[in-house]
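Everything below concerns the one structure shown next.
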Amino acid sequence: MRILKGNPVSRGIALGNVFVYKAFTADVHESYFEEGHAQEQLQKFRDAARMAESELDRVIEKFSSVSEEKAKIFAAHKEILNDEEVVEGIEGMILDDHAMPDYAVDMVFTEFAILLSKAKDPLIAARAADLRDVRNRVLRILKGEKEMNLAHLTEQVVVVAHDLLPSDTATLDREKVLGIITEVGGATSHTAIIARSYSIPAVLGVPEATEILASVGHVVLDALAGKVLIEPDQQTILEYQVKLAEYQKEECETREYLTKIPLTASGEKVSIGLNIGSTEPDEGFKYSDFVGLFRTEFLYMESEHMPTEEEQVAAYRKVLANAMGNPVTLRTLDIGGDKSLRYLALPKEENPFLGNRALRLCLSLPDLFRTQLRAALRASAFGELWLMFPMVGTIDDVRNARARVESVKAELRTEGIAFDENIKVGIMIEIPSIAVIADLAAKEVDFASVGTNDLTQYLHAVDRMNAAIVDYYQSMSPSMFRMLGMIFSEFNKAGKPISVCGELAGDPLAAIPLVGLGLRKLSMNASNIARVKWMLSKFTLTEMKEIAERVQLMATQADVNQLLKEEAAKRA
Ligand code: PEP
Ligand code: MG
């Protein structure tokens with residue numbers, strides 16, 4: 001039995017069959033066939049088109065009862081496939097120019113897609129992405145490759161991929177995916193975040209996983225220890241069935257804490273926030289005091305076009321309704337880095353994580369930003385909505401972003417549209433340059449939330465996506481705790497709310513020194529709420545403060561981890 005190692009980023013154990021997922025990429029060259037084969041090549045295209053149509057029919061039927069919106073997207077794909085001009089264009093190239101069917105398909109679809117993407121109306125421009133989707137479907141069939149899609153799997157499987165795009169994870173079938181294994185990505189990559197929020201066990205950063213597991217049937221995914229056991233023997237399977245039962249029992253014990261008020265052993269209240277990335281109902285709403293992070297980029301990534309103002313208003317109102325009166329911290333669009341939008345072409349950058357991402361990108365795309373701000377402000381009339389900007393590096397960033405909010409507010413006032421005049425405007429602290437001037441930042445904003453995923457990346461100069469240097473990515477280093485302590489104390493001094501919404505806040509061991517350092521608001525995925533509440537209940541505030549002092553004086557992250565584990569074990 002062979003064992004592969006990786007980073008366990010979403011806790012759990014899964015036993016199941018492997019499904020190696022490779023998104024299709026078309027590789028088409030200009031090519032022609034010889035005289036006398038026109039009918040044969042034409043038939044090839046027509047057969048592929050018919051197959052594409054029946055694939056689409058199946059998808060439409062599947063979605064028609066669960067998601068009308070998704071069914072509509074695929075119905076539109078069918079229309080494109082049968083569009084007279086498209087079909088005539090392709091068949092003309094095959095019959096008249098003797099172009100190979102794949103080349104003809106590629107040329108015609110691409111030509112139409114370019115035409116559409118230039119349209120002024122964003123809704124029409126967005127159809128270009130649909131054209132490319134249909135083109136890929138037909139090309140894949142012509143190449144004889146099977147359909148690969150995580151949205152409609154037929155059985156429960158452990159998904160193995162080089163990497164999952166945010167759009168893959170956003171649409172994956174949560175019931176069918178038992179576990180996730182990828183070759184790249186660390187604990188704070190978006191695959192990891194989604195896996196945790198769906199409670200799907202995941203081990204990322206497993207080198208050559210797709211190649212090694214391509215011909216494998218069954219695996220055990222141990223996302224507690226970070227191991228993948230290939231074709232386990234009967235003995236191992238039995239052992240893991242026992243481990244799985246034990247794990248589920250521990251989950252049950254801590255689960256009791258889900259419904260409890262989060263209190264330290266000495267009775268201080270800590271507020272628990274919820275991190276969300278969709279408009280779906282989440283059971284975490286019931287067990288949290290606020291939404292500390294609503295990642296709006298998922299709305300953009302799931303869509304086939306730039307979400308319109310109306311679509312966004314509807315989505316934000318839905319989240320406010322889900323939150324049942326609790327404040328919702330809406331983070332404005334955070335793309336760039338490892339996240340892109342299929343309908344928004346951005347220049348390739350040498351260092352995307354240091355590039356034009358998040359707030360920087362929004363400031364450089366005024367229409368896009370304005371639409372989101374208008375939608376957020378309009379939604380603020382229907383609940384308590386806080387507005388938060390990601391990737392703020394300077395006070396100039398804060399002022400520029402606030403100026404855009406003010407100008408949108410003025411617009412809405414002129415139009416007589418209701419919004420919350422006193423909406424709270426805050427920032428994420430995830431770049432060291434703003435962290436070290438936390439005292440000045442606190443004067444300019446109503447609140448802040450620390451994004452420890454990026455703060456670790458930028459403080460330690462370690463790419464959060466690079467599995468090869470995962471040991472350098474130290475969210476629990478003494479440097480991180482010193483920096484966090486400074487941020488919390490400046491915001492507490494200024495009397496401005498401060499929270500942490502990075503993954504660190506959902507780690508029960510980290511919660512101890514965080515509260516000890518003065519933090520009273522921790523925002524996390526629903527799957528961590530019970531364990532964090534449970535851990536907080538074991539320590540008095542004085543104990544947490546002492547531990548916080550000690551971790552800041554330690555030399556290494558390993559020392560910090562050891563201390564926290566020992567202290568937790570004493571109270572188990
Ligand atoms: C963070 O950086 O900690 C954060 C919460 O934002 P994201 O993970 O979406 O970059
Ligand atoms: Mg971030």
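Labels used: A, B, ... for chains in the order of the structure tokens, numbers from 1 for residues in each chain, and numbers from 1 for ligands as shown.
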Could I get the residues of region 452-492 of chain A with an atom no further than 12 Å from an atom of region 184-204 of chain A, each paired with its nearest atom pair and that distance in Å to one decimal, using only C-alpha atoms, sorted by chain and residue number, as a tab-separated table?
```
residue	atom	partner	partner_atom	distance
A:Thr452	CA	A:Thr188	CA	9.2
A:Asn453	CA	A:Thr188	CA	5.8
A:Asp454	CA	A:Thr188	CA	8.4
A:Leu455	CA	A:Thr188	CA	11.1
A:Thr456	CA	A:Thr188	CA	9.9
A:Gln457	CA	A:Thr188	CA	9.6
A:Val462	CA	A:Gly186	CA	11.1
A:Asp463	CA	A:Gly186	CA	9.3
A:Arg464	CA	A:Gly186	CA	6.1
A:Met465	CA	A:Gly185	CA	4.5
A:Asn466	CA	A:Gly185	CA	6.1
A:Ala467	CA	A:Val184	CA	5.7
A:Ala468	CA	A:Val184	CA	8.6
A:Ile469	CA	A:Gly186	CA	9.5
A:Val470	CA	A:Gly186	CA	6.9
A:Asp471	CA	A:Gly186	CA	10.3
A:Tyr472	CA	A:Gly186	CA	11.3
A:Tyr473	CA	A:Gly186	CA	8.9
A:Gln474	CA	A:Ala187	CA	10.7
A:Ser475	CA	A:Thr188	CA	10.1
```
Go ahead and dump the residues you just picked, C-alpha atoms, as a JSON list (two decimals), in the first residue's frame.
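Result file is selection-v6.json:
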```json
[["chain", "number", "residue", "atom", "x", "y", "z"],
["A", 452, "THR", "CA", -4.48, 36.51, 8.57],
["A", 453, "ASN", "CA", -4.30, 34.39, 5.41],
["A", 454, "ASP", "CA", -2.82, 37.22, 3.41],
["A", 455, "LEU", "CA", -1.12, 38.87, 6.38],
["A", 456, "THR", "CA", 0.91, 35.67, 6.88],
["A", 457, "GLN", "CA", 1.72, 35.59, 3.17],
["A", 462, "VAL", "CA", 5.61, 33.27, 1.35],
["A", 463, "ASP", "CA", 3.24, 32.51, -1.52],
["A", 464, "ARG", "CA", 0.13, 31.02, 0.14],
["A", 465, "MET", "CA", -0.49, 28.81, -2.91],
["A", 466, "ASN", "CA", 2.96, 27.23, -3.09],
["A", 467, "ALA", "CA", 2.87, 23.77, -1.53],
["A", 468, "ALA", "CA", 6.65, 23.44, -1.77],
["A", 469, "ILE", "CA", 7.26, 26.16, 0.82],
["A", 470, "VAL", "CA", 4.37, 25.40, 3.12],
["A", 471, "ASP", "CA", 6.71, 25.15, 6.14],
["A", 472, "TYR", "CA", 7.57, 28.81, 5.68],
["A", 473, "TYR", "CA", 3.93, 29.84, 5.76],
["A", 474, "GLN", "CA", 3.63, 30.36, 9.51],
["A", 475, "SER", "CA", 0.32, 31.84, 10.66]]
```
Exercise for review: Residues up to 10 Å from ligand 1, counting only C-alpha atoms and all ligand atoms: could you list those as number ranges by chain?
Suggested key: A: 187-190, 192-193, 275, 277, 292-297, 331, 333-335, 337-339, 353, 358, 390-391, 428-431, 449-458, 464, 500-505, 523-524
What would the file look like if the residues just selected were written as a compact mmCIF listing (two decimals), in the first residue's frame with N, CA and C atoms?
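Once everything was written out, this is out.txt:
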```txt
# COMPACT_ATOMS: atom_id res chain seq x y z
N ALA A 187 -3.30 25.81 3.14
CA ALA A 187 -4.45 25.90 4.04
C ALA A 187 -5.34 27.11 3.77
N THR A 188 -4.79 28.14 3.12
CA THR A 188 -5.61 29.32 2.91
C THR A 188 -5.93 29.54 1.43
N SER A 189 -5.66 28.52 0.61
CA SER A 189 -6.07 28.65 -0.79
C SER A 189 -7.60 28.58 -0.81
N HIS A 190 -8.19 29.00 -1.92
CA HIS A 190 -9.64 29.03 -1.93
C HIS A 190 -10.27 27.65 -1.97
N ALA A 192 -9.19 25.22 -0.22
CA ALA A 192 -9.22 24.84 1.20
C ALA A 192 -10.36 25.53 1.92
N ILE A 193 -10.55 26.79 1.63
CA ILE A 193 -11.60 27.55 2.31
C ILE A 193 -12.98 26.97 1.99
N ASN A 275 -18.05 33.22 8.42
CA ASN A 275 -17.53 33.55 7.09
C ASN A 275 -18.38 32.83 6.05
N GLY A 277 -19.43 32.49 1.64
CA GLY A 277 -18.99 32.78 0.28
C GLY A 277 -20.11 32.54 -0.71
N GLY A 292 -18.81 37.97 9.74
CA GLY A 292 -17.56 38.74 9.78
C GLY A 292 -16.91 38.87 8.42
N LEU A 293 -17.30 37.99 7.51
CA LEU A 293 -16.73 38.05 6.16
C LEU A 293 -17.71 37.44 5.16
N PHE A 294 -18.22 38.28 4.29
CA PHE A 294 -19.02 37.79 3.16
C PHE A 294 -18.16 38.03 1.93
N ARG A 295 -17.59 36.93 1.41
CA ARG A 295 -16.70 37.04 0.25
C ARG A 295 -17.57 37.18 -1.01
N THR A 296 -17.71 38.39 -1.52
CA THR A 296 -18.64 38.59 -2.64
C THR A 296 -18.08 38.08 -3.97
N GLU A 297 -16.77 37.79 -4.01
CA GLU A 297 -16.22 37.38 -5.32
C GLU A 297 -16.87 36.10 -5.86
N ARG A 331 -17.58 42.16 2.03
CA ARG A 331 -16.27 42.52 1.50
C ARG A 331 -16.39 42.76 0.01
N LEU A 333 -15.34 43.22 -3.93
CA LEU A 333 -14.72 42.23 -4.81
C LEU A 333 -13.21 42.07 -4.59
N ASP A 334 -12.82 40.82 -4.32
CA ASP A 334 -11.41 40.51 -4.10
C ASP A 334 -10.97 39.50 -5.15
N ILE A 335 -10.66 39.99 -6.35
CA ILE A 335 -10.13 39.08 -7.37
C ILE A 335 -8.73 39.50 -7.76
N GLY A 337 -4.74 37.71 -7.97
CA GLY A 337 -4.11 36.64 -7.20
C GLY A 337 -4.47 35.30 -7.82
N ASP A 338 -5.11 34.40 -7.04
CA ASP A 338 -5.49 33.11 -7.60
C ASP A 338 -6.94 33.10 -8.12
N LYS A 339 -7.60 34.27 -8.12
CA LYS A 339 -9.00 34.29 -8.55
C LYS A 339 -9.19 35.17 -9.79
N PHE A 353 -0.01 37.95 -6.91
CA PHE A 353 -0.36 38.24 -5.52
C PHE A 353 0.17 39.60 -5.06
N ALA A 358 -7.82 42.88 -5.87
CA ALA A 358 -8.74 43.34 -4.82
C ALA A 358 -9.07 44.84 -4.95
N PRO A 390 -10.90 44.95 0.83
CA PRO A 390 -9.77 44.03 1.00
C PRO A 390 -8.47 44.65 0.47
N MET A 391 -7.35 44.16 0.96
CA MET A 391 -6.02 44.53 0.42
C MET A 391 -5.74 46.02 0.48
N MET A 428 -9.87 45.56 5.58
CA MET A 428 -9.17 44.36 6.01
C MET A 428 -7.73 44.76 6.25
N ILE A 429 -7.18 44.23 7.33
CA ILE A 429 -5.75 44.45 7.56
C ILE A 429 -5.06 43.16 7.16
N GLU A 430 -4.42 43.19 6.01
CA GLU A 430 -3.77 41.97 5.52
C GLU A 430 -2.44 42.28 4.84
N ILE A 431 -2.06 43.55 4.87
CA ILE A 431 -0.76 43.95 4.33
C ILE A 431 0.01 44.59 5.49
N SER A 449 -10.95 44.30 10.08
CA SER A 449 -10.88 42.86 10.30
C SER A 449 -9.55 42.38 9.74
N VAL A 450 -8.88 41.53 10.50
CA VAL A 450 -7.55 41.10 10.07
C VAL A 450 -7.68 39.85 9.20
N GLY A 451 -7.13 39.94 8.00
CA GLY A 451 -7.09 38.80 7.09
C GLY A 451 -5.75 38.10 7.30
N THR A 452 -5.77 37.15 8.22
CA THR A 452 -4.48 36.51 8.57
C THR A 452 -3.94 35.63 7.45
N ASN A 453 -4.80 35.22 6.51
CA ASN A 453 -4.30 34.39 5.41
C ASN A 453 -3.30 35.18 4.58
N ASP A 454 -3.73 36.39 4.20
CA ASP A 454 -2.82 37.22 3.41
C ASP A 454 -1.76 37.87 4.29
N LEU A 455 -2.13 38.22 5.52
CA LEU A 455 -1.12 38.87 6.38
C LEU A 455 0.08 37.93 6.58
N THR A 456 -0.19 36.64 6.74
CA THR A 456 0.91 35.67 6.88
C THR A 456 1.75 35.67 5.60
N GLN A 457 1.04 35.63 4.47
CA GLN A 457 1.72 35.59 3.17
C GLN A 457 2.65 36.80 2.99
N TYR A 458 2.14 37.98 3.34
CA TYR A 458 2.95 39.19 3.09
C TYR A 458 3.96 39.46 4.20
N ARG A 464 1.05 31.92 -0.56
CA ARG A 464 0.13 31.02 0.14
C ARG A 464 -0.33 29.84 -0.71
N VAL A 500 -10.90 39.18 13.62
CA VAL A 500 -10.04 38.43 12.71
C VAL A 500 -10.97 37.56 11.88
N CYS A 501 -10.83 37.60 10.56
CA CYS A 501 -11.68 36.75 9.72
C CYS A 501 -10.85 35.81 8.86
N GLY A 502 -9.52 35.81 9.06
CA GLY A 502 -8.68 34.83 8.37
C GLY A 502 -8.86 33.48 9.02
N GLU A 503 -8.27 32.46 8.42
CA GLU A 503 -8.46 31.09 8.90
C GLU A 503 -7.97 30.88 10.33
N LEU A 504 -7.05 31.73 10.77
CA LEU A 504 -6.50 31.60 12.12
C LEU A 504 -7.61 31.68 13.18
N ALA A 505 -8.61 32.50 12.94
CA ALA A 505 -9.67 32.69 13.93
C ALA A 505 -10.48 31.41 14.14
N SER A 523 -14.11 35.50 13.50
CA SER A 523 -15.03 35.11 12.44
C SER A 523 -14.48 33.91 11.67
N MET A 524 -15.33 32.92 11.45
CA MET A 524 -14.84 31.65 10.90
C MET A 524 -15.90 30.93 10.06
```
Check your understanding: Which distance in Å separates CA of Leu229 (chain A) and CA of Lys5 (chain A), to one decimal?
Key -> 9.0 Å
Check your understanding: Which one of A:His37, A:Lys243, A:Arg360, A:Arg11 sits closest to Asp507 (chain A) if you count only C-alpha atoms?
Key -> A:Arg11
**Study point:** Option closest in space to ligand 2, from A:Lys443, A:Ile395, A:Arg357, A:Phe488 [counting only C-alpha atoms and all ligand atoms]
**Key:**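 Using only C-alpha atoms and all ligand atoms, ligand 2 sits closest to A:Arg357.
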Review point. Contacts of Asp173 (chain A) at 10 Å or less, counting only C-alpha atoms, minus same-chain residues fewer than 6 places along, as a VMD selection string?
Key: chain A and resid 149 to 154 156
Could the residues in this selection be saved with N, CA and C atoms as a compact mmCIF listing (two decimals), in the first residue's frame?
```
# COMPACT_ATOMS: atom_id res chain seq x y z
N ASN A 149 -17.00 17.25 -15.08
CA ASN A 149 -17.68 18.36 -14.42
C ASN A 149 -17.99 17.95 -12.99
N LEU A 150 -17.69 18.80 -12.03
CA LEU A 150 -17.96 18.44 -10.64
C LEU A 150 -19.37 18.80 -10.22
N ALA A 151 -20.12 19.42 -11.13
CA ALA A 151 -21.47 19.85 -10.77
C ALA A 151 -22.46 18.69 -10.87
N HIS A 152 -22.17 17.72 -11.72
CA HIS A 152 -23.11 16.60 -11.82
C HIS A 152 -22.38 15.27 -11.89
N LEU A 153 -21.88 14.87 -10.74
CA LEU A 153 -21.23 13.57 -10.62
C LEU A 153 -22.32 12.52 -10.43
N THR A 154 -22.03 11.30 -10.88
CA THR A 154 -23.09 10.29 -10.77
C THR A 154 -22.96 9.44 -9.50
N GLN A 156 -20.68 8.97 -5.41
CA GLN A 156 -19.84 9.62 -4.40
C GLN A 156 -18.38 9.27 -4.67
```
Check your understanding: Looking at A:Asp130, A:Glu88, A:Glu567, A:Asp47, which one is nearest to Glu304 (chain A), with distances taken over only C-alpha atoms?
Key ->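 Closest to Glu304 (chain A), using only C-alpha atoms: A:Asp130.
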